[in-house]
>>> print(open('data01.cif').read())   # mmCIF, C-alpha atoms and all ligand atoms
data_target
#
loop_
_atom_site.label_atom_id
_atom_site.label_comp_id
_atom_site.auth_asym_id
_atom_site.auth_seq_id
_atom_site.Cartn_x
_atom_site.Cartn_y
_atom_site.Cartn_z
CA MET F 1 -40.73 168.64 238.38
CA GLY F 2 -37.88 168.06 240.81
CA TYR F 3 -34.35 168.83 239.68
CA ILE F 4 -31.52 167.14 241.55
CA GLU F 5 -28.98 169.81 242.50
CA PRO F 6 -25.29 168.94 242.62
CA ALA F 7 -24.03 168.14 246.11
CA PRO F 8 -21.79 170.93 247.47
CA LEU F 9 -18.11 170.10 247.33
CA LYS F 10 -17.72 171.53 250.86
CA ASP F 11 -14.07 171.58 251.78
CA ARG F 12 -13.27 168.41 249.91
CA GLU F 13 -10.34 168.43 247.55
CA ASN F 14 -11.43 168.66 243.93
CA PRO F 15 -10.75 165.11 242.69
CA PHE F 16 -9.68 166.26 239.25
CA GLU F 17 -7.05 168.54 240.78
CA ALA F 18 -5.95 165.70 243.08
CA MET F 19 -5.40 163.49 240.03
CA MET F 20 -3.68 166.26 238.05
CA SER F 21 -1.17 167.12 240.77
CA ARG F 22 0.17 163.54 240.79
CA PHE F 23 0.09 163.42 237.00
CA LYS F 24 2.20 166.57 236.91
CA ILE F 25 4.82 165.20 239.32
CA ALA F 26 5.11 161.91 237.43
CA SER F 27 5.30 163.74 234.08
CA GLU F 28 8.23 165.77 235.36
CA TYR F 29 10.11 162.63 236.45
CA LEU F 30 9.45 161.12 233.04
CA GLY F 31 10.43 164.28 231.20
CA LEU F 32 7.12 164.07 229.34
CA ASP F 33 6.74 166.37 226.30
CA GLU F 34 4.55 169.34 226.97
CA GLU F 35 2.42 168.44 223.93
CA ILE F 36 1.60 164.98 225.27
CA TYR F 37 1.00 166.45 228.71
CA ASN F 38 -1.54 168.84 227.20
CA VAL F 39 -3.26 166.03 225.30
CA LEU F 40 -3.57 163.85 228.38
CA LYS F 41 -4.76 166.50 230.77
CA ASN F 42 -7.98 166.98 228.76
CA PRO F 43 -10.53 164.18 228.44
CA THR F 44 -11.27 163.07 224.87
CA LYS F 45 -15.03 163.39 225.29
CA GLN F 46 -17.43 164.60 227.99
CA VAL F 47 -21.15 163.93 227.66
CA ILE F 48 -23.87 165.27 229.96
CA VAL F 49 -27.39 163.93 229.59
CA SER F 50 -30.63 165.02 231.19
CA LEU F 51 -32.84 162.10 232.21
CA PRO F 52 -36.50 162.77 233.05
CA ILE F 53 -37.91 159.76 234.95
CA THR F 54 -41.43 158.93 236.11
CA MET F 55 -41.23 158.15 239.81
CA ASP F 56 -43.51 155.59 241.47
CA ASP F 57 -45.78 158.35 242.81
CA GLY F 58 -46.42 159.60 239.27
CA SER F 59 -44.22 162.70 239.52
CA ILE F 60 -41.43 163.34 237.03
CA ARG F 61 -37.90 164.04 238.24
CA VAL F 62 -34.99 165.10 236.12
CA PHE F 63 -31.64 163.46 236.79
CA GLU F 64 -28.29 164.47 235.34
CA GLY F 65 -26.04 161.76 233.92
CA TYR F 66 -22.44 161.90 232.78
CA ARG F 67 -20.05 159.85 230.70
CA VAL F 68 -16.48 161.01 230.33
CA ILE F 69 -14.01 159.27 228.05
CA HIS F 70 -10.58 160.33 229.17
CA SER F 71 -8.61 158.41 226.55
CA ASN F 72 -9.18 155.70 223.97
CA ILE F 73 -5.72 155.67 222.50
CA LEU F 74 -4.96 152.20 223.92
CA GLY F 75 -8.28 150.62 222.95
CA PRO F 76 -11.96 150.96 223.80
CA SER F 77 -12.47 153.04 226.91
CA LYS F 78 -13.42 151.23 230.10
CA GLY F 79 -14.87 152.27 233.43
CA GLY F 80 -17.77 151.98 235.82
CA ILE F 81 -21.02 153.86 236.34
CA ARG F 82 -21.58 155.46 239.72
CA PHE F 83 -24.97 156.22 241.30
CA ASP F 84 -24.37 158.67 244.13
CA MET F 85 -25.51 162.10 245.31
CA GLY F 86 -21.92 163.37 245.16
CA VAL F 87 -21.54 162.74 241.40
CA ASN F 88 -20.41 165.83 239.46
CA LEU F 89 -18.46 166.44 236.26
CA ASP F 90 -15.09 167.05 237.94
CA GLU F 91 -15.39 163.82 239.90
CA VAL F 92 -16.30 161.81 236.80
CA LYS F 93 -13.42 163.43 234.87
CA ALA F 94 -10.95 162.43 237.59
CA LEU F 95 -12.34 158.91 237.82
CA ALA F 96 -12.14 158.57 234.02
CA ALA F 97 -8.48 159.62 234.00
CA TRP F 98 -7.74 157.20 236.86
CA MET F 99 -9.21 154.43 234.69
CA THR F 100 -6.74 155.30 231.89
CA TRP F 101 -3.83 155.04 234.31
CA LYS F 102 -5.23 151.93 235.99
CA CYS F 103 -5.65 150.00 232.72
CA ALA F 104 -2.15 151.05 231.68
CA VAL F 105 -0.62 149.97 235.02
CA VAL F 106 -1.99 146.44 234.66
CA ASP F 107 -1.22 146.51 230.93
CA ILE F 108 -4.66 145.67 229.53
CA PRO F 109 -5.66 147.06 226.11
CA TYR F 110 -8.17 149.69 227.24
CA GLY F 111 -8.47 153.42 227.60
CA GLY F 112 -10.24 155.04 230.51
CA ALA F 113 -13.80 156.30 231.04
CA LYS F 114 -16.29 156.80 233.81
CA GLY F 115 -19.98 157.49 234.11
CA GLY F 116 -22.33 158.56 236.81
CA ILE F 117 -25.80 159.77 237.68
CA ARG F 118 -26.47 162.09 240.58
CA CYS F 119 -29.10 160.19 242.56
CA ASN F 120 -29.59 158.38 245.84
CA PRO F 121 -30.26 154.75 244.90
CA ARG F 122 -30.98 153.92 248.57
CA GLU F 123 -34.10 156.05 248.39
CA MET F 124 -35.31 154.75 245.04
CA SER F 125 -37.39 151.69 244.20
CA SER F 126 -36.00 149.05 241.89
CA GLY F 127 -38.48 150.18 239.20
CA GLU F 128 -37.24 153.77 239.43
CA ILE F 129 -33.60 152.66 239.24
CA GLU F 130 -34.42 150.46 236.24
CA ARG F 131 -36.07 153.34 234.36
CA LEU F 132 -33.12 155.58 235.17
CA MET F 133 -30.54 153.01 234.01
CA ARG F 134 -32.40 152.25 230.79
CA SER F 135 -32.88 155.90 229.92
CA TYR F 136 -29.20 156.60 230.61
CA THR F 137 -28.28 153.71 228.28
CA THR F 138 -30.59 154.94 225.53
CA ALA F 139 -29.15 158.44 225.83
CA LEU F 140 -25.62 157.06 225.44
CA VAL F 141 -26.28 154.29 222.94
CA GLU F 142 -23.97 155.93 220.39
CA ILE F 143 -21.16 156.24 222.92
CA PHE F 144 -21.22 152.68 224.31
CA GLY F 145 -20.14 149.62 222.35
CA PRO F 146 -17.86 146.59 222.75
CA ASP F 147 -15.23 148.30 220.57
CA ARG F 148 -15.96 151.83 221.75
CA ASP F 149 -16.73 152.26 225.42
CA ILE F 150 -17.49 149.48 227.90
CA PRO F 151 -19.15 150.36 231.23
CA ALA F 152 -19.10 148.33 234.46
CA PRO F 153 -20.37 148.66 238.05
CA ASP F 154 -19.07 151.25 240.49
CA MET F 155 -20.42 152.77 243.73
CA GLY F 156 -24.20 152.29 243.93
CA THR F 157 -24.47 149.92 240.94
CA GLY F 158 -24.00 146.18 240.48
CA PRO F 159 -24.88 143.22 238.24
CA ARG F 160 -28.60 144.10 238.25
CA GLU F 161 -27.98 147.53 236.70
CA MET F 162 -25.48 146.06 234.21
CA ALA F 163 -28.16 143.58 233.07
CA TRP F 164 -30.56 146.47 232.33
CA LEU F 165 -27.85 148.32 230.44
CA MET F 166 -26.99 145.24 228.39
CA ASP F 167 -30.66 144.63 227.62
CA SER F 168 -31.43 148.22 226.57
CA TYR F 169 -28.30 148.41 224.43
CA SER F 170 -29.08 145.04 222.83
CA ARG F 171 -32.66 146.03 222.03
CA ALA F 172 -31.48 149.24 220.39
CA ASN F 173 -29.11 147.19 218.22
CA GLY F 174 -31.52 144.38 217.40
CA MET F 175 -29.25 141.66 218.77
CA THR F 176 -27.75 140.47 222.03
CA VAL F 177 -24.47 142.28 222.64
CA ASN F 178 -23.13 141.04 225.95
CA ALA F 179 -19.60 142.41 225.47
CA VAL F 180 -20.90 146.00 225.76
CA VAL F 181 -20.75 145.89 229.55
CA THR F 182 -18.93 143.91 232.25
CA GLY F 183 -19.87 142.96 235.79
CA LYS F 184 -23.03 141.29 234.48
CA PRO F 185 -24.89 138.47 236.22
CA LEU F 186 -23.35 135.09 235.36
CA VAL F 187 -26.28 133.91 233.23
CA LEU F 188 -25.92 136.94 230.94
CA GLY F 189 -22.24 136.27 230.28
CA GLY F 190 -20.74 137.60 233.50
CA SER F 191 -17.39 136.11 234.52
CA LEU F 192 -16.76 133.82 237.43
CA GLY F 193 -14.60 135.71 239.91
CA ARG F 194 -15.71 139.21 238.81
CA THR F 195 -17.67 140.00 241.99
CA GLU F 196 -14.72 139.42 244.28
CA ALA F 197 -12.08 140.59 241.76
CA THR F 198 -11.39 144.08 243.15
CA GLY F 199 -11.14 142.83 246.75
CA ARG F 200 -8.98 139.95 245.59
CA GLY F 201 -6.58 142.33 243.87
CA VAL F 202 -6.44 144.39 247.08
CA MET F 203 -5.52 141.22 248.97
CA VAL F 204 -2.86 140.19 246.43
CA SER F 205 -1.23 143.63 246.41
CA ALA F 206 -1.45 143.91 250.21
CA LEU F 207 0.37 140.57 250.61
CA ALA F 208 3.00 141.60 248.04
CA ALA F 209 3.60 144.86 249.94
CA MET F 210 3.71 143.06 253.29
CA GLU F 211 6.42 140.80 251.91
CA LYS F 212 8.52 143.86 250.96
CA LEU F 213 7.96 145.37 254.41
CA LYS F 214 8.69 142.03 256.10
CA ILE F 215 5.28 141.98 257.80
CA ASN F 216 4.14 138.42 258.51
CA PRO F 217 0.43 138.18 257.50
CA TYR F 218 -0.22 135.72 260.32
CA ARG F 219 0.90 138.32 262.85
CA ALA F 220 -0.59 141.33 261.08
CA THR F 221 -3.68 143.36 261.91
CA CYS F 222 -5.84 145.30 259.50
CA ALA F 223 -8.67 147.88 259.41
CA VAL F 224 -10.99 148.16 256.42
CA GLN F 225 -13.01 151.31 255.75
CA GLY F 226 -16.18 150.58 253.77
CA PHE F 227 -18.13 147.34 253.72
CA GLY F 228 -19.48 147.34 250.16
CA ASN F 229 -18.32 144.92 247.51
CA VAL F 230 -14.64 145.98 247.65
CA GLY F 231 -14.31 146.35 251.45
CA TYR F 232 -16.13 143.13 252.24
CA TRP F 233 -14.13 141.00 249.79
CA ALA F 234 -10.82 142.59 250.78
CA ALA F 235 -11.58 141.95 254.49
CA ARG F 236 -12.73 138.40 253.86
CA LEU F 237 -9.83 137.39 251.61
CA LEU F 238 -7.22 139.02 253.85
CA SER F 239 -8.60 137.23 256.89
CA GLU F 240 -8.56 133.95 254.93
CA ARG F 241 -4.83 134.59 254.40
CA GLY F 242 -4.23 134.90 258.15
CA VAL F 243 -4.48 138.69 258.59
CA LYS F 244 -6.50 139.69 261.65
CA VAL F 245 -9.13 142.25 260.61
CA ILE F 246 -9.83 144.13 263.84
CA ALA F 247 -11.96 147.01 262.53
CA ILE F 248 -14.48 147.48 259.74
CA SER F 249 -16.84 150.35 258.98
CA ASP F 250 -19.72 151.53 256.83
CA LEU F 251 -21.93 154.64 256.70
CA SER F 252 -23.40 153.73 260.13
CA GLY F 253 -20.04 153.87 261.98
CA ALA F 254 -16.98 151.73 262.71
CA TYR F 255 -16.84 148.40 264.54
CA TYR F 256 -13.80 147.31 266.51
CA ASN F 257 -12.81 144.01 268.07
CA GLU F 258 -9.18 143.48 269.04
CA LYS F 259 -9.62 139.69 268.85
CA GLY F 260 -10.57 140.00 265.17
CA ILE F 261 -13.93 140.42 263.44
CA ASP F 262 -15.77 137.45 262.01
CA ILE F 263 -16.25 138.81 258.48
CA GLU F 264 -18.84 136.19 257.49
CA ALA F 265 -20.92 137.03 260.57
CA ALA F 266 -20.65 140.72 259.70
CA VAL F 267 -21.79 140.27 256.11
CA GLN F 268 -24.71 138.10 257.22
CA TYR F 269 -25.67 140.75 259.75
CA ARG F 270 -25.46 143.46 257.05
CA ASP F 271 -27.58 141.45 254.61
CA ASN F 272 -30.26 140.85 257.24
CA HIS F 273 -30.32 144.49 258.38
CA ASN F 274 -31.11 146.53 255.31
CA GLY F 275 -27.52 146.60 254.11
CA SER F 276 -26.19 148.29 257.28
CA LEU F 277 -23.82 147.14 260.02
CA ASP F 278 -25.67 149.32 262.54
CA GLY F 279 -26.06 147.33 265.78
CA PHE F 280 -23.53 144.62 264.79
CA PRO F 281 -23.18 142.85 268.15
CA MET F 282 -19.79 141.13 267.82
CA ALA F 283 -17.69 144.32 268.04
CA ASP F 284 -17.60 147.70 269.84
CA LYS F 285 -19.02 150.62 267.94
CA ILE F 286 -16.64 153.58 267.53
CA PRO F 287 -17.09 156.81 265.51
CA GLY F 288 -16.82 156.18 261.77
CA GLU F 289 -13.71 158.32 261.13
CA GLU F 290 -11.81 156.46 263.92
CA ILE F 291 -11.41 153.53 261.52
CA LEU F 292 -8.49 155.43 259.98
CA HIS F 293 -6.74 155.94 263.31
CA VAL F 294 -6.91 152.41 264.74
CA LYS F 295 -3.48 150.96 265.54
CA VAL F 296 -3.02 148.35 262.81
CA ASP F 297 -0.33 147.20 260.40
CA VAL F 298 -2.48 147.55 257.30
CA LEU F 299 -5.19 150.11 256.52
CA VAL F 300 -7.51 149.53 253.58
CA PRO F 301 -9.64 152.57 252.65
CA ALA F 302 -12.34 150.99 250.47
CA ALA F 303 -15.15 153.55 250.63
CA THR F 304 -14.78 156.79 248.73
CA GLU F 305 -12.49 159.70 247.73
CA ASP F 306 -10.62 162.12 249.90
CA VAL F 307 -10.87 160.45 253.31
CA ILE F 308 -7.17 160.54 254.22
CA THR F 309 -6.37 164.25 254.27
CA ALA F 310 -3.70 166.65 255.55
CA GLN F 311 -5.97 167.15 258.58
CA ASN F 312 -6.16 163.54 259.77
CA VAL F 313 -3.08 161.91 258.30
CA ASP F 314 -1.06 162.50 261.49
CA LYS F 315 -3.33 160.16 263.39
CA ILE F 316 -2.73 157.24 261.06
CA GLN F 317 -0.75 154.48 262.75
CA ALA F 318 -0.65 151.89 259.95
CA LYS F 319 2.63 150.90 258.27
CA LEU F 320 0.91 150.13 254.99
CA ILE F 321 -2.10 151.67 253.22
CA VAL F 322 -3.71 149.70 250.39
CA GLU F 323 -6.22 151.80 248.48
CA GLY F 324 -9.32 149.77 247.61
CA ALA F 325 -11.28 152.96 246.78
CA ASN F 326 -10.46 155.38 243.97
CA GLY F 327 -8.76 158.53 245.23
CA PRO F 328 -9.09 157.97 249.01
CA THR F 329 -5.97 160.03 249.76
CA SER F 330 -5.84 163.77 249.09
CA SER F 331 -2.79 164.98 247.22
CA LYS F 332 -1.80 167.18 250.18
CA ALA F 333 -1.60 164.11 252.41
CA ASP F 334 0.82 162.30 250.05
CA LYS F 335 3.95 164.10 251.22
CA ILE F 336 3.13 163.73 254.93
CA ILE F 337 2.53 160.00 254.42
CA ALA F 338 5.85 159.66 252.61
CA ASP F 339 7.66 161.58 255.37
CA LYS F 340 6.13 159.25 257.95
CA GLY F 341 7.56 156.30 256.02
CA ILE F 342 4.18 154.68 255.39
CA MET F 343 4.00 152.60 252.22
CA VAL F 344 0.95 153.25 250.03
CA VAL F 345 -0.18 150.80 247.37
CA PRO F 346 -2.06 153.38 245.29
CA ASP F 347 -5.61 153.00 243.95
CA ILE F 348 -4.61 152.70 240.28
CA LEU F 349 -2.62 149.59 241.22
CA ALA F 350 -4.38 148.19 244.32
CA ASN F 351 -7.94 148.20 242.98
CA ALA F 352 -7.09 147.25 239.39
CA GLY F 353 -8.16 143.62 239.96
CA GLY F 354 -11.74 144.66 239.14
CA VAL F 355 -11.05 146.02 235.69
CA THR F 356 -8.64 143.16 235.03
CA VAL F 357 -11.40 140.59 235.48
CA SER F 358 -13.74 142.92 233.54
CA TYR F 359 -11.25 142.54 230.70
CA PHE F 360 -11.42 138.75 231.07
CA GLU F 361 -15.22 138.94 231.00
CA TRP F 362 -15.09 140.91 227.73
CA VAL F 363 -12.56 138.46 226.26
CA GLN F 364 -14.81 135.50 227.17
CA ASN F 365 -17.89 137.26 225.70
CA ARG F 366 -16.08 137.92 222.45
CA LEU F 367 -14.85 134.32 222.29
CA GLY F 368 -18.29 132.99 223.17
CA TYR F 369 -16.56 130.90 225.82
CA LYS F 370 -16.44 130.56 229.60
CA TRP F 371 -13.36 130.24 231.74
CA THR F 372 -13.22 128.37 235.05
CA GLU F 373 -12.93 130.39 238.23
CA GLU F 374 -9.52 128.87 238.81
CA ARG F 375 -8.29 130.21 235.46
CA VAL F 376 -9.71 133.70 236.12
CA ASN F 377 -8.09 133.89 239.56
CA ARG F 378 -4.75 132.48 238.47
CA ARG F 379 -4.47 134.94 235.58
CA SER F 380 -5.64 137.98 237.52
CA ASP F 381 -3.32 137.18 240.45
CA ARG F 382 -0.42 136.99 238.04
CA ILE F 383 -1.31 140.31 236.41
CA MET F 384 -1.62 141.97 239.83
CA LYS F 385 1.71 140.57 241.03
CA ASP F 386 3.52 141.58 237.82
CA ALA F 387 2.05 145.09 238.04
CA PHE F 388 3.02 145.36 241.71
CA ASN F 389 6.60 144.35 240.95
CA LYS F 390 6.86 146.75 238.03
CA VAL F 391 5.60 149.66 240.14
CA TYR F 392 7.80 148.66 243.09
CA ASN F 393 10.91 148.46 240.89
CA THR F 394 10.05 151.83 239.32
CA SER F 395 9.72 153.36 242.78
CA VAL F 396 13.21 152.11 243.64
CA GLU F 397 14.65 153.22 240.31
CA TYR F 398 13.28 156.78 240.54
CA ASN F 399 13.39 156.92 244.34
CA VAL F 400 9.73 157.99 244.52
CA PRO F 401 6.71 156.72 246.47
CA MET F 402 4.66 153.87 244.95
CA ARG F 403 1.92 156.27 243.85
CA ILE F 404 4.19 158.39 241.68
CA ALA F 405 5.85 155.20 240.41
CA ALA F 406 2.45 153.86 239.31
CA TYR F 407 1.73 157.09 237.42
CA ILE F 408 5.17 156.89 235.81
CA VAL F 409 4.51 153.34 234.59
CA ALA F 410 1.06 154.31 233.28
CA ILE F 411 1.90 157.64 231.67
CA ASP F 412 4.97 156.14 230.02
CA LYS F 413 2.84 153.48 228.29
CA VAL F 414 0.16 155.93 227.18
CA ALA F 415 2.69 158.52 225.99
CA LYS F 416 4.63 155.92 223.96
CA THR F 417 1.39 154.85 222.32
CA TYR F 418 0.68 158.47 221.34
CA LYS F 419 4.16 158.80 219.92
CA TYR F 420 3.78 155.72 217.70
CA ARG F 421 0.24 156.53 216.59
CA GLY F 422 0.78 160.25 216.10
CA GLY F 423 -1.72 161.83 213.73
CA PHE F 424 -2.20 165.10 215.50
N1 LIG F 501 -15.54 150.66 238.74
C1 LIG F 501 -14.41 149.80 238.82
C2 LIG F 501 -13.14 150.61 238.96
O1 LIG F 501 -13.16 151.76 239.38
C3 LIG F 501 -14.36 148.76 237.70
C4 LIG F 501 -14.28 149.32 236.31
C5 LIG F 501 -14.40 148.25 235.25
O2 LIG F 501 -14.40 147.08 235.54
O3 LIG F 501 -14.48 148.65 234.08
O4 LIG F 501 -12.06 150.12 238.73
#
>>> encode(input="data01.cif", output="structure tokens")
Amino acid sequence: MGYIEPAPLKDRENPFEAMMSRFKIASEYLGLDEEIYNVLKNPTKQVIVSLPITMDDGSIRVFEGYRVIHSNILGPSKGGIRFDMGVNLDEVKALAAWMTWKCAVVDIPYGGAKGGIRCNPREMSSGEIERLMRSYTTALVEIFGPDRDIPAPDMGTGPREMAWLMDSYSRANGMTVNAVVTGKPLVLGGSLGRTEATGRGVMVSALAAMEKLKINPYRATCAVQGFGNVGYWAARLLSERGVKVIAISDLSGAYYNEKGIDIEAAVQYRDNHNGSLDGFPMADKIPGEEILHVKVDVLVPAATEDVITAQNVDKIQAKLIVEGANGPTSSKADKIIADKGIMVVPDILANAGGVTVSYFEWVQNRLGYKWTEERVNRRSDRIMKDAFNKVYNTSVEYNVPMRIAAYIVAIDKVAKTYKYRGGF
């Protein structure tokens, strides 16, 4: 029996501490009661499940799965499921709390949660992944529910996995319950516009920030780290709005072309080459971490946590950072970035387009109705722009960076809800 050991944290910043340090700063600005601070710093529920799975070769491996509900004070908790070797309880706790703040920033009626399984989906067959996803769902069938806790895709998962979750949950309940999960394939009640939603929100918030900084998109350059669902859609939609994307990257390295990268050619190359950009001929290959140091106006980290750190932040030349990933900037880098005068549209605002359209998917499922793509996009763009303006105005009012302003907006909403509901 193989047991999958947690990946070492190495010298990475603990993501939960990274989240907490910003939470603490924002709480001080808000003058948050210590009681509410203590309530919010602890997740409501943390579940760890052990998942023995028969592998294709007949052996049995035991995987560890997590689901953390940070808060459900504003409504059912919401957040994705991550399949990655780096998954551990502290990471899932941080990601769950970020979901609480994210849903509050865009003002949708959800709390925050996150799930994950420590595994390497790239090395597993689709049958193995299916068994893993179904056994995870069965283990958490009492936790999930359209009025309780609603999962969605995250790193390493997509519509296929959400379909298995929806099916297993529905079987256990003896009826089809499509509102239990979002990011589903369209035929199962997925929403038009959900696939591109996170990247679209990144584009909308990037353009809003560029307007404040007086950067003309038609003269602007951009680098995008990560070429998964978020990075690809952000790069594509930004280039459709006139921004020249001159560097992209994935696990294989970074690809640079000062004349601009043809994003459609890159995605076709990736899809025909086992999901990797390795060997992409229409750009020069540079070391992966160089993507952060390229001279551009806009930098979009859309890969993973803790990539912009106190060690490399000095090399960043961008005027604007728009965080497509969750937690890409370490808390120690925040101050240096602020001192350098770089504007950051923080994760809990910039990548909230995904959960916003997840909310629309859930609304449509509950109505038994389907919206047009035009309606989804129009409404999510408006929510993103309103949230951007609210955070921007808060940052001016409190004279703080956008990140702290976003936490202020979010914590204020959640704390007020606690005050009205009470019941401690
Ligand atoms: N995993 C995505 C996120 O981090 C989407 C969550 C959702 O749609 O519930 O925002």
>>> residues_near_point(input="data01.cif", point="(-0.3, 143.8, 261.4)", cutoff="6 Å", atoms="only C-alpha atoms", output="list in words")
Arg219, Ala220, Thr221, Val296, Asp297 and Val298 of chain F
>>> closest_residue(input="data01.cif", among="F:Tyr269, F:Trp233, F:Phe280, F:Trp98", to="ligand LIG 501 (chain F)", atoms="all atoms listed in the file")
F:Trp98
>>> atom_distance(input="data01.cif", atom1="CA of Arg403 in chain F", atom2="CA of Glu361 in chain F")
27.6 Å
>>> atom_distance(input="data01.cif", atom1="CA of Val105 in chain F", atom2="CA of Asn365 in chain F")
23.4 Å
>>> axis_aligned_box(input="data01.cif", around="ligand LIG 501 (chain F)", padding_each_side="3 Å", output="lines of an AutoDock Vina configuration file")
center_x = -13.8
center_y = 149.4
center_z = 236.7
size_x = 9.5
size_y = 10.7
size_z = 11.3
>>> atom_distance(input="data01.cif", atom1="CA of Ser252 in chain F", atom2="CA of Met203 in chain F")
24.5 Å
>>> residues_around(input="data01.cif", residues="Leu207 in chain F", least_positions_apart="2", cutoff="12 Å", atoms="all atoms listed in the file", output="mmCIF file with C-alpha atoms, in the frame of the given file")
data_model
loop_
_atom_site.group_PDB
_atom_site.id
_atom_site.type_symbol
_atom_site.label_atom_id
_atom_site.label_comp_id
_atom_site.auth_asym_id
_atom_site.auth_seq_id
_atom_site.Cartn_x
_atom_site.Cartn_y
_atom_site.Cartn_z
ATOM 1 C CA ARG F 200 -8.980 139.950 245.590
ATOM 2 C CA GLY F 201 -6.580 142.330 243.870
ATOM 3 C CA VAL F 202 -6.440 144.390 247.080
ATOM 4 C CA MET F 203 -5.520 141.220 248.970
ATOM 5 C CA VAL F 204 -2.860 140.190 246.430
ATOM 6 C CA SER F 205 -1.230 143.630 246.410
ATOM 7 C CA ALA F 209 3.600 144.860 249.940
ATOM 8 C CA MET F 210 3.710 143.060 253.290
ATOM 9 C CA GLU F 211 6.420 140.800 251.910
ATOM 10 C CA LYS F 212 8.520 143.860 250.960
ATOM 11 C CA LEU F 213 7.960 145.370 254.410
ATOM 12 C CA LYS F 214 8.690 142.030 256.100
ATOM 13 C CA ILE F 215 5.280 141.980 257.800
ATOM 14 C CA ASN F 216 4.140 138.420 258.510
ATOM 15 C CA PRO F 217 0.430 138.180 257.500
ATOM 16 C CA TYR F 218 -0.220 135.720 260.320
ATOM 17 C CA ALA F 220 -0.590 141.330 261.080
ATOM 18 C CA CYS F 222 -5.840 145.300 259.500
ATOM 19 C CA ALA F 234 -10.820 142.590 250.780
ATOM 20 C CA LEU F 237 -9.830 137.390 251.610
ATOM 21 C CA LEU F 238 -7.220 139.020 253.850
ATOM 22 C CA SER F 239 -8.600 137.230 256.890
ATOM 23 C CA GLU F 240 -8.560 133.950 254.930
ATOM 24 C CA ARG F 241 -4.830 134.590 254.400
ATOM 25 C CA GLY F 242 -4.230 134.900 258.150
ATOM 26 C CA VAL F 243 -4.480 138.690 258.590
ATOM 27 C CA ASP F 297 -0.330 147.200 260.400
ATOM 28 C CA VAL F 298 -2.480 147.550 257.300
ATOM 29 C CA LEU F 320 0.910 150.130 254.990
ATOM 30 C CA ILE F 321 -2.100 151.670 253.220
ATOM 31 C CA VAL F 322 -3.710 149.700 250.390
ATOM 32 C CA VAL F 345 -0.180 150.800 247.370
ATOM 33 C CA ALA F 350 -4.380 148.190 244.320
ATOM 34 C CA ASP F 381 -3.320 137.180 240.450
ATOM 35 C CA MET F 384 -1.620 141.970 239.830
ATOM 36 C CA LYS F 385 1.710 140.570 241.030
ATOM 37 C CA PHE F 388 3.020 145.360 241.710
#
>>> residues_near_ligand(input="data01.cif", ligand="ligand LIG 501 (chain F)", cutoff="9 Å", atoms="all atoms listed in the file", output="PDB file with C-alpha atoms, in the coordinates of the input")
ATOM      1  CA  SER F  77     -12.470 153.040 226.910  1.00  0.00           C
ATOM      2  CA  LYS F  78     -13.420 151.230 230.100  1.00  0.00           C
ATOM      3  CA  GLY F  79     -14.870 152.270 233.430  1.00  0.00           C
ATOM      4  CA  GLY F  80     -17.770 151.980 235.820  1.00  0.00           C
ATOM      5  CA  ILE F  81     -21.020 153.860 236.340  1.00  0.00           C
ATOM      6  CA  ARG F  82     -21.580 155.460 239.720  1.00  0.00           C
ATOM      7  CA  LEU F  95     -12.340 158.910 237.820  1.00  0.00           C
ATOM      8  CA  ALA F  96     -12.140 158.570 234.020  1.00  0.00           C
ATOM      9  CA  TRP F  98      -7.740 157.200 236.860  1.00  0.00           C
ATOM     10  CA  MET F  99      -9.210 154.430 234.690  1.00  0.00           C
ATOM     11  CA  LYS F 102      -5.230 151.930 235.990  1.00  0.00           C
ATOM     12  CA  CYS F 103      -5.650 150.000 232.720  1.00  0.00           C
ATOM     13  CA  GLY F 112     -10.240 155.040 230.510  1.00  0.00           C
ATOM     14  CA  ALA F 113     -13.800 156.300 231.040  1.00  0.00           C
ATOM     15  CA  LYS F 114     -16.290 156.800 233.810  1.00  0.00           C
ATOM     16  CA  ILE F 150     -17.490 149.480 227.900  1.00  0.00           C
ATOM     17  CA  PRO F 151     -19.150 150.360 231.230  1.00  0.00           C
ATOM     18  CA  ALA F 152     -19.100 148.330 234.460  1.00  0.00           C
ATOM     19  CA  PRO F 153     -20.370 148.660 238.050  1.00  0.00           C
ATOM     20  CA  ASP F 154     -19.070 151.250 240.490  1.00  0.00           C
ATOM     21  CA  MET F 155     -20.420 152.770 243.730  1.00  0.00           C
ATOM     22  CA  VAL F 181     -20.750 145.890 229.550  1.00  0.00           C
ATOM     23  CA  THR F 182     -18.930 143.910 232.250  1.00  0.00           C
ATOM     24  CA  GLY F 183     -19.870 142.960 235.790  1.00  0.00           C
ATOM     25  CA  ARG F 194     -15.710 139.210 238.810  1.00  0.00           C
ATOM     26  CA  THR F 198     -11.390 144.080 243.150  1.00  0.00           C
ATOM     27  CA  ALA F 325     -11.280 152.960 246.780  1.00  0.00           C
ATOM     28  CA  ASN F 326     -10.460 155.380 243.970  1.00  0.00           C
ATOM     29  CA  ASP F 347      -5.610 153.000 243.950  1.00  0.00           C
ATOM     30  CA  ILE F 348      -4.610 152.700 240.280  1.00  0.00           C
ATOM     31  CA  ASN F 351      -7.940 148.200 242.980  1.00  0.00           C
ATOM     32  CA  ALA F 352      -7.090 147.250 239.390  1.00  0.00           C
ATOM     33  CA  GLY F 353      -8.160 143.620 239.960  1.00  0.00           C
ATOM     34  CA  GLY F 354     -11.740 144.660 239.140  1.00  0.00           C
ATOM     35  CA  VAL F 355     -11.050 146.020 235.690  1.00  0.00           C
ATOM     36  CA  THR F 356      -8.640 143.160 235.030  1.00  0.00           C
ATOM     37  CA  VAL F 357     -11.400 140.590 235.480  1.00  0.00           C
ATOM     38  CA  SER F 358     -13.740 142.920 233.540  1.00  0.00           C
ATOM     39  CA  TYR F 359     -11.250 142.540 230.700  1.00  0.00           C
TER      40      TYR F 359
END
